[in-house]
Amino acid sequence: MQPFHVIGDRERDELYGALEAVDTSPYADYRAFSTAVRRAADGRVPASLAEAAERIREERERGVSDTHVLRNCPVDKDLPELGHDDPQADKYARKRTFVGEGFLELMAQLTRTPLMSYATRFRGDFFTDVYSISRYHGQQTGYSDGELVYHNDRTAHPVRADYISLLGMRCPVQEYTCTSLVEARTLRAALPADTLRLLGERHFVTPFDVVSRDNNRDLGLSEKHAVFQGDYGIRYLDTHTTVAPDAPGAAKDALIELKNALTRAEKKRHRILEGDLLVFANQNGLHSRELIEVNDPERSRSRWLLKTYAFRDRATADGFADRWVDGVAGRVGD
């Protein structure tokens, strides 16, 4: 994908200076960090970046596009090395600046999409790392070092992000990994009315992902849900979402038709480079990870993306206020 907006070098450096001065840790007190970013960036946000954020909002509202790439974004200059046994602990111990986190927070503020997190995952952090963890090798999670099937993040959970942001922190150029996306509207357009009707009914279940189950042994299957939701939404984890035991036989046929449509559908692909920000709708499409070329498996494992989840807007976030954990707005349970 071509970048939607490229930040100039001078603008990036000025923004870096503002964000580098934020010494409040987002992992100790997210709300204080959010306030510190707002204050540090006050009057220092490049006009072109503010305009790009407004155009992103407009394109989302008009249904023009839910996927955007910003290039040459500020990221931390001195990134620590992370191990693969417990990279989160390594980050806490070794990462001293929060420029990447600050930029993601700033973009959330500019696009007016409040961040969210899961209380049982990574200590409830609002900024998490898409980074290989050894115990998840070969499993279907973003914390593996392998490919991922097409999915929504947290498909089985009752509260799911509207938008996902991925910021390239360390992306070895010798290795070629792509994030691939398919819009729900593309899949819908390829299916007949009877299939769409069945996929819009609550005949389907999805198992909770391995990381969620590791943190909450009570999790098994989602409640029964529709695959297509609302005018544009989709809730589906390929090779995992299946029909509920009491579903009509035609529901299985509809699911097979969806799988066929997904195989044939037009895909958008983006190779995230260091300083790239890829933002896309989590519930209006599916995304995957493709390992196009791996020249050095160990080097490929060092790929590090910083990730945030966000609600569509403040009103959407407020609609989940009864689910806030420990009174922290945006932090939800399972």
# chains A, B, ... in the order shown; residues from 1 in each chain; ligands from 1

call {"tool": "residues_around", "arguments": {"residues": "stretch 162-179 of chain A", "least_positions_apart": "3", "cutoff": "6 Å", "atoms": "only C-alpha atoms", "output": "PyMOL selection string"}}
result
chain A and resi 269-271+273-283+288-294+300+303-312

call {"tool": "write_last_selection", "arguments": {"atoms": "N, CA and C atoms", "output": "mmCIF file, in the first residue's frame"}}
result
data_model
loop_
_atom_site.group_PDB
_atom_site.id
_atom_site.type_symbol
_atom_site.label_atom_id
_atom_site.label_comp_id
_atom_site.auth_asym_id
_atom_site.auth_seq_id
_atom_site.Cartn_x
_atom_site.Cartn_y
_atom_site.Cartn_z
ATOM 1 N N ARG A 269 -2.174 -5.351 0.774
ATOM 2 C CA ARG A 269 -1.003 -5.822 1.499
ATOM 3 C C ARG A 269 -0.073 -4.659 1.791
ATOM 4 N N HIS A 270 0.485 -4.673 3.005
ATOM 5 C CA HIS A 270 1.457 -3.646 3.352
ATOM 6 C C HIS A 270 2.608 -4.261 4.136
ATOM 7 N N ARG A 271 3.810 -3.940 3.726
ATOM 8 C CA ARG A 271 5.012 -4.329 4.448
ATOM 9 C C ARG A 271 5.378 -3.177 5.378
ATOM 10 N N LEU A 273 7.450 -0.935 7.534
ATOM 11 C CA LEU A 273 8.856 -0.588 7.718
ATOM 12 C C LEU A 273 9.013 0.169 9.033
ATOM 13 N N GLU A 274 10.232 0.317 9.489
ATOM 14 C CA GLU A 274 10.471 1.103 10.702
ATOM 15 C C GLU A 274 9.958 2.525 10.488
ATOM 16 N N GLY A 275 9.159 3.008 11.428
ATOM 17 C CA GLY A 275 8.574 4.336 11.308
ATOM 18 C C GLY A 275 7.261 4.366 10.549
ATOM 19 N N ASP A 276 6.795 3.205 10.079
ATOM 20 C CA ASP A 276 5.478 3.132 9.434
ATOM 21 C C ASP A 276 4.400 2.960 10.500
ATOM 22 N N LEU A 277 3.284 3.643 10.307
ATOM 23 C CA LEU A 277 2.100 3.432 11.132
ATOM 24 C C LEU A 277 0.986 2.929 10.220
ATOM 25 N N LEU A 278 0.535 1.706 10.481
ATOM 26 C CA LEU A 278 -0.582 1.128 9.752
ATOM 27 C C LEU A 278 -1.786 1.117 10.684
ATOM 28 N N VAL A 279 -2.872 1.768 10.257
ATOM 29 C CA VAL A 279 -4.096 1.846 11.051
ATOM 30 C C VAL A 279 -5.235 1.268 10.216
ATOM 31 N N PHE A 280 -5.996 0.347 10.797
ATOM 32 C CA PHE A 280 -7.082 -0.265 10.032
ATOM 33 C C PHE A 280 -8.236 -0.636 10.962
ATOM 34 N N ALA A 281 -9.403 -0.846 10.343
ATOM 35 C CA ALA A 281 -10.608 -1.190 11.095
ATOM 36 C C ALA A 281 -10.574 -2.670 11.449
ATOM 37 N N ASN A 282 -10.712 -2.971 12.718
ATOM 38 C CA ASN A 282 -10.675 -4.358 13.178
ATOM 39 C C ASN A 282 -11.979 -5.085 12.912
ATOM 40 N N GLN A 283 -13.103 -4.391 13.000
ATOM 41 C CA GLN A 283 -14.396 -5.060 12.891
ATOM 42 C C GLN A 283 -15.053 -4.917 11.529
ATOM 43 N N SER A 288 -4.286 -10.514 8.238
ATOM 44 C CA SER A 288 -3.448 -11.691 8.438
ATOM 45 C C SER A 288 -1.980 -11.265 8.400
ATOM 46 N N ARG A 289 -1.105 -12.210 8.692
ATOM 47 C CA ARG A 289 0.342 -11.994 8.573
ATOM 48 C C ARG A 289 0.887 -13.013 7.583
ATOM 49 N N GLU A 290 1.614 -12.528 6.589
ATOM 50 C CA GLU A 290 2.232 -13.396 5.595
ATOM 51 C C GLU A 290 3.749 -13.240 5.645
ATOM 52 N N LEU A 291 4.449 -14.352 5.762
ATOM 53 C CA LEU A 291 5.910 -14.342 5.693
ATOM 54 C C LEU A 291 6.297 -14.596 4.239
ATOM 55 N N ILE A 292 6.572 -13.531 3.518
ATOM 56 C CA ILE A 292 6.840 -13.646 2.084
ATOM 57 C C ILE A 292 8.228 -14.222 1.828
ATOM 58 N N GLU A 293 9.207 -13.737 2.577
ATOM 59 C CA GLU A 293 10.574 -14.233 2.410
ATOM 60 C C GLU A 293 11.311 -14.140 3.745
ATOM 61 N N VAL A 294 11.761 -15.274 4.234
ATOM 62 C CA VAL A 294 12.531 -15.324 5.474
ATOM 63 C C VAL A 294 13.933 -15.811 5.134
ATOM 64 N N SER A 300 14.291 -12.597 11.649
ATOM 65 C CA SER A 300 12.873 -12.376 11.406
ATOM 66 C C SER A 300 12.097 -12.328 12.718
ATOM 67 N N ARG A 303 11.455 -8.893 14.688
ATOM 68 C CA ARG A 303 10.497 -7.878 14.241
ATOM 69 C C ARG A 303 9.650 -7.414 15.416
ATOM 70 N N TRP A 304 9.553 -6.101 15.579
ATOM 71 C CA TRP A 304 8.886 -5.525 16.758
ATOM 72 C C TRP A 304 7.937 -4.424 16.299
ATOM 73 N N LEU A 305 6.654 -4.645 16.503
ATOM 74 C CA LEU A 305 5.642 -3.640 16.241
ATOM 75 C C LEU A 305 5.014 -3.233 17.565
ATOM 76 N N LEU A 306 4.763 -1.945 17.731
ATOM 77 C CA LEU A 306 4.039 -1.451 18.899
ATOM 78 C C LEU A 306 2.583 -1.285 18.490
ATOM 79 N N LYS A 307 1.683 -1.758 19.349
ATOM 80 C CA LYS A 307 0.281 -1.900 18.957
ATOM 81 C C LYS A 307 -0.657 -1.226 19.943
ATOM 82 N N THR A 308 -1.734 -0.628 19.402
ATOM 83 C CA THR A 308 -2.820 -0.124 20.246
ATOM 84 C C THR A 308 -4.154 -0.562 19.671
ATOM 85 N N TYR A 309 -5.134 -0.693 20.577
ATOM 86 C CA TYR A 309 -6.530 -0.873 20.221
ATOM 87 C C TYR A 309 -7.249 0.437 20.497
ATOM 88 N N ALA A 310 -8.294 0.720 19.705
ATOM 89 C CA ALA A 310 -9.045 1.958 19.923
ATOM 90 C C ALA A 310 -10.521 1.752 19.638
ATOM 91 N N PHE A 311 -11.351 2.524 20.353
ATOM 92 C CA PHE A 311 -12.783 2.592 20.073
ATOM 93 C C PHE A 311 -13.029 3.565 18.921
ATOM 94 N N ARG A 312 -14.170 3.421 18.286
ATOM 95 C CA ARG A 312 -14.507 4.265 17.132
ATOM 96 C C ARG A 312 -14.574 5.744 17.507
#

call {"tool": "residues_around", "arguments": {"residues": "A:Ala251", "least_positions_apart": "5", "cutoff": "10 Å", "atoms": "only C-alpha atoms", "output": "list of chain:residue names"}}
result
A:Thr195, A:Arg197, A:Leu198, A:Leu199, A:Glu201, A:Arg202, A:His203, A:Phe204, A:Thr242, A:Val243, A:Ala244, A:Ile256, A:Glu257

call {"tool": "closest_residue", "arguments": {"among": "A:Asp218, A:Glu58, A:Lys268, A:Ala93", "to": "A:Glu81", "atoms": "only C-alpha atoms"}}
result
A:Ala93

call {"tool": "atom_distance", "arguments": {"atom1": "atom CA of A:Arg60", "atom2": "atom CA of A:Thr111"}}
result
10.3 Å

call {"tool": "residues_around", "arguments": {"residues": "A:Trp324", "least_positions_apart": "4", "cutoff": "12 Å", "atoms": "only C-alpha atoms", "output": "VMD selection string"}}
result
chain A and resid 116 to 119 124 159 317 to 320 328 to 334

call {"tool": "closest_atom_pairs", "arguments": {"of": "stretch 64-108 of chain A", "to": "stretch 137-146 of chain A", "cutoff": "12 Å", "atoms": "only C-alpha atoms", "output": "CSV"}}
result
residue,atom,partner,partner_atom,distance
A:His84,CA,A:Tyr143,CA,9.7
A:Asp85,CA,A:His137,CA,11.1
A:Asp86,CA,A:Tyr143,CA,11.1
A:Pro87,CA,A:Tyr143,CA,10.2
A:Gln88,CA,A:Tyr143,CA,11.3

call {"tool": "residues_around", "arguments": {"residues": "A:Ala50", "least_positions_apart": "5", "cutoff": "10 Å", "atoms": "only C-alpha atoms", "output": "ChimeraX atom specification"}}
result
/A:45,55-56,107,110-111

call {"tool": "residues_around", "arguments": {"residues": "A:Gly8", "least_positions_apart": "4", "cutoff": "12 Å", "atoms": "only C-alpha atoms", "output": "number ranges by chain"}}
result
A: 12-16, 46-49, 70-74, 275

call {"tool": "write_last_selection", "arguments": {"atoms": "C-alpha atoms", "output": "PDB file, in the first residue's frame"}}
result
ATOM      1  CA  ARG A  12       9.424  14.221  12.612  1.00  0.00           C
ATOM      2  CA  ASP A  13      12.477  15.502  14.478  1.00  0.00           C
ATOM      3  CA  GLU A  14      10.537  18.341  16.120  1.00  0.00           C
ATOM      4  CA  LEU A  15       7.787  15.956  17.164  1.00  0.00           C
ATOM      5  CA  TYR A  16      10.394  13.503  18.430  1.00  0.00           C
ATOM      6  CA  PRO A  46       2.801  19.732  12.540  1.00  0.00           C
ATOM      7  CA  ALA A  47      -0.120  21.242  10.646  1.00  0.00           C
ATOM      8  CA  SER A  48       0.216  18.603   7.935  1.00  0.00           C
ATOM      9  CA  LEU A  49      -0.112  15.795  10.502  1.00  0.00           C
ATOM     10  CA  LEU A  70       1.648   7.046   7.720  1.00  0.00           C
ATOM     11  CA  ARG A  71       5.382   6.948   6.994  1.00  0.00           C
ATOM     12  CA  ASN A  72       8.457   8.413   8.681  1.00  0.00           C
ATOM     13  CA  CYS A  73       6.797   8.551  12.100  1.00  0.00           C
ATOM     14  CA  PRO A  74       8.917   9.224  15.206  1.00  0.00           C
ATOM     15  CA  GLY A 275       8.574   4.336  11.308  1.00  0.00           C
TER      16      GLY A 275
END
